[in-house]
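Visitor: This is the structure I have questions about; it appears just below.
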Amino acid sequence: MLDDTLYPIEPVLDEANAAFSTAMSNFGYVDIQPSDIVEAGKEIRSQLSSDDTSGSDNTAAVDPLKPSTVNHKEIRLAAIRKEMESFILKTKLRQTAEDWATEIDSLTAPVRKSAEK
């Protein structure tokens, strides 16, 4: 269990996120901080819980492909993926802006959509 009942897990998770951040910086992902992973995980948890309560009544259709529970590992992996995708998008937008000799904020919506793909 990851609820600090039997073992203090927060220091372990902090060390794991710091180690991941350091390792990924060796592969060029220099802007991903341990706190970014934690915040992304919180956003994902919040989104999942709001999705569960978004139905206006209890008779809303249940998606049979959606897992009924999500564990910490799945949320952490999703948070890491989200941060890596965000880094890649920022890098692509910066490179595109440099190629076009313009500011990132000046890139049009179609150019941004292309970078997101």
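Following the order of the structure tokens, chains are lettered A, B, ..., residues in each are numbered from 1, and ligands are numbered from 1.
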Can you list, as an MDAnalysis selection string, every protein, DNA or RNA residue that comes within 12 Å of range 74-76 of chain A when you count only C-alpha atoms, leaving out same-chain residues fewer than 2 positions away?
Guide: chainID A and resid 13:14 16:17 20 34 36:48 67 69:72 78:83
Visitor: Please provide as number ranges by chain all residues within 12 Å of Gln95 in chain A, with the sequence filter that same-chain residues fewer than 4 positions apart are discarded (counting only C-alpha atoms).
Guide: A: 88-91, 99-104, 107, 111-112, 115
Visitor: Could you please determine the separation between CA of Ser35 in chain A and CA of Pro8 in chain A in Å, to one decimal place?
Guide: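 These atoms are spaced 18.5 Å apart.
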Visitor: Find the distance between CA of Ala109 in chain A and CA of Ser86 in chain A and write it in Å to one decimal.
Guide: 16.8 Å
Visitor: At what distance in Å, to one decimal, does CA of Lys117 in chain A lie from CA of Lys73 in chain A?
Guide: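 We find that CA of Lys73 in chain A and CA of Lys117 in chain A lie 26.1 Å from each other.
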Visitor: Write down as number ranges by chain the residues of chain A whose backbone DSSP state falls under alpha helix (DSSP H).
Guide: A: 10-25, 34-52, 72-99, 109-116
Visitor: Please write the residues from the selection above to a file, keeping C-alpha atoms, as a PDB file, in the first residue's frame.
Guide:
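Generated output (part.pdb):
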```pdb
ATOM      1  CA  GLU A  10       6.749   9.955   0.205  1.00  0.00           C
ATOM      2  CA  PRO A  11      10.569   9.978   0.588  1.00  0.00           C
ATOM      3  CA  VAL A  12      10.809   6.969  -1.722  1.00  0.00           C
ATOM      4  CA  LEU A  13       8.616   8.613  -4.353  1.00  0.00           C
ATOM      5  CA  ASP A  14      10.556  11.879  -4.074  1.00  0.00           C
ATOM      6  CA  GLU A  15      13.824  10.011  -4.637  1.00  0.00           C
ATOM      7  CA  ALA A  16      12.335   8.075  -7.565  1.00  0.00           C
ATOM      8  CA  ASN A  17      11.121  11.283  -9.221  1.00  0.00           C
ATOM      9  CA  ALA A  18      14.499  12.961  -8.661  1.00  0.00           C
ATOM     10  CA  ALA A  19      16.329   9.943 -10.121  1.00  0.00           C
ATOM     11  CA  PHE A  20      13.990   9.908 -13.118  1.00  0.00           C
ATOM     12  CA  SER A  21      14.500  13.631 -13.692  1.00  0.00           C
ATOM     13  CA  THR A  22      18.282  13.219 -13.554  1.00  0.00           C
ATOM     14  CA  ALA A  23      18.241  10.211 -15.875  1.00  0.00           C
ATOM     15  CA  MET A  24      15.986  11.933 -18.408  1.00  0.00           C
ATOM     16  CA  SER A  25      18.201  15.027 -18.449  1.00  0.00           C
ATOM     17  CA  PRO A  34      10.483  16.098 -10.012  1.00  0.00           C
ATOM     18  CA  SER A  35       7.784  18.558  -8.934  1.00  0.00           C
ATOM     19  CA  ASP A  36       6.407  18.563 -12.512  1.00  0.00           C
ATOM     20  CA  ILE A  37       5.774  14.822 -12.270  1.00  0.00           C
ATOM     21  CA  VAL A  38       4.037  15.219  -8.913  1.00  0.00           C
ATOM     22  CA  GLU A  39       1.817  18.051 -10.179  1.00  0.00           C
ATOM     23  CA  ALA A  40       0.941  16.163 -13.370  1.00  0.00           C
ATOM     24  CA  GLY A  41      -0.047  13.165 -11.232  1.00  0.00           C
ATOM     25  CA  LYS A  42      -2.303  15.371  -9.114  1.00  0.00           C
ATOM     26  CA  GLU A  43      -3.945  16.773 -12.261  1.00  0.00           C
ATOM     27  CA  ILE A  44      -4.534  13.272 -13.622  1.00  0.00           C
ATOM     28  CA  ARG A  45      -6.030  12.072 -10.317  1.00  0.00           C
ATOM     29  CA  SER A  46      -8.259  15.139 -10.189  1.00  0.00           C
ATOM     30  CA  GLN A  47      -9.397  14.603 -13.774  1.00  0.00           C
ATOM     31  CA  LEU A  48     -10.131  10.935 -13.117  1.00  0.00           C
ATOM     32  CA  SER A  49     -12.177  11.723 -10.023  1.00  0.00           C
ATOM     33  CA  SER A  50     -14.107  14.490 -11.800  1.00  0.00           C
ATOM     34  CA  ASP A  51     -14.816  12.106 -14.698  1.00  0.00           C
ATOM     35  CA  ASP A  52     -16.270   9.638 -12.187  1.00  0.00           C
ATOM     36  CA  HIS A  72      -0.286   4.783  -8.269  1.00  0.00           C
ATOM     37  CA  LYS A  73       2.032   3.200 -10.829  1.00  0.00           C
ATOM     38  CA  GLU A  74      -0.406   3.886 -13.688  1.00  0.00           C
ATOM     39  CA  ILE A  75      -0.887   7.487 -12.592  1.00  0.00           C
ATOM     40  CA  ARG A  76       2.871   8.020 -12.234  1.00  0.00           C
ATOM     41  CA  LEU A  77       3.519   6.557 -15.699  1.00  0.00           C
ATOM     42  CA  ALA A  78       0.778   8.765 -17.168  1.00  0.00           C
ATOM     43  CA  ALA A  79       2.269  11.805 -15.414  1.00  0.00           C
ATOM     44  CA  ILE A  80       5.741  11.024 -16.753  1.00  0.00           C
ATOM     45  CA  ARG A  81       4.355  10.560 -20.260  1.00  0.00           C
ATOM     46  CA  LYS A  82       2.434  13.828 -20.012  1.00  0.00           C
ATOM     47  CA  GLU A  83       5.566  15.723 -18.962  1.00  0.00           C
ATOM     48  CA  MET A  84       7.673  14.136 -21.708  1.00  0.00           C
ATOM     49  CA  GLU A  85       5.028  14.946 -24.349  1.00  0.00           C
ATOM     50  CA  SER A  86       4.844  18.517 -23.070  1.00  0.00           C
ATOM     51  CA  PHE A  87       8.633  18.840 -23.326  1.00  0.00           C
ATOM     52  CA  ILE A  88       8.631  17.439 -26.867  1.00  0.00           C
ATOM     53  CA  LEU A  89       5.846  19.842 -27.914  1.00  0.00           C
ATOM     54  CA  LYS A  90       7.692  22.853 -26.472  1.00  0.00           C
ATOM     55  CA  THR A  91      10.850  21.755 -28.277  1.00  0.00           C
ATOM     56  CA  LYS A  92       9.006  21.342 -31.597  1.00  0.00           C
ATOM     57  CA  LEU A  93       7.332  24.736 -31.236  1.00  0.00           C
ATOM     58  CA  ARG A  94      10.659  26.396 -30.397  1.00  0.00           C
ATOM     59  CA  GLN A  95      12.344  24.738 -33.403  1.00  0.00           C
ATOM     60  CA  THR A  96       9.476  25.726 -35.718  1.00  0.00           C
ATOM     61  CA  ALA A  97       9.593  29.313 -34.499  1.00  0.00           C
ATOM     62  CA  GLU A  98      13.345  29.422 -35.065  1.00  0.00           C
ATOM     63  CA  ASP A  99      12.937  27.971 -38.584  1.00  0.00           C
ATOM     64  CA  ALA A 109      -3.156  27.493 -34.799  1.00  0.00           C
ATOM     65  CA  PRO A 110      -2.567  25.108 -37.764  1.00  0.00           C
ATOM     66  CA  VAL A 111       1.185  25.171 -37.134  1.00  0.00           C
ATOM     67  CA  ARG A 112       0.610  24.444 -33.440  1.00  0.00           C
ATOM     68  CA  LYS A 113      -1.788  21.568 -34.272  1.00  0.00           C
ATOM     69  CA  SER A 114       0.822  20.088 -36.601  1.00  0.00           C
ATOM     70  CA  ALA A 115       3.437  20.207 -33.845  1.00  0.00           C
ATOM     71  CA  GLU A 116       1.005  18.567 -31.409  1.00  0.00           C
TER      72      GLU A 116
END
```
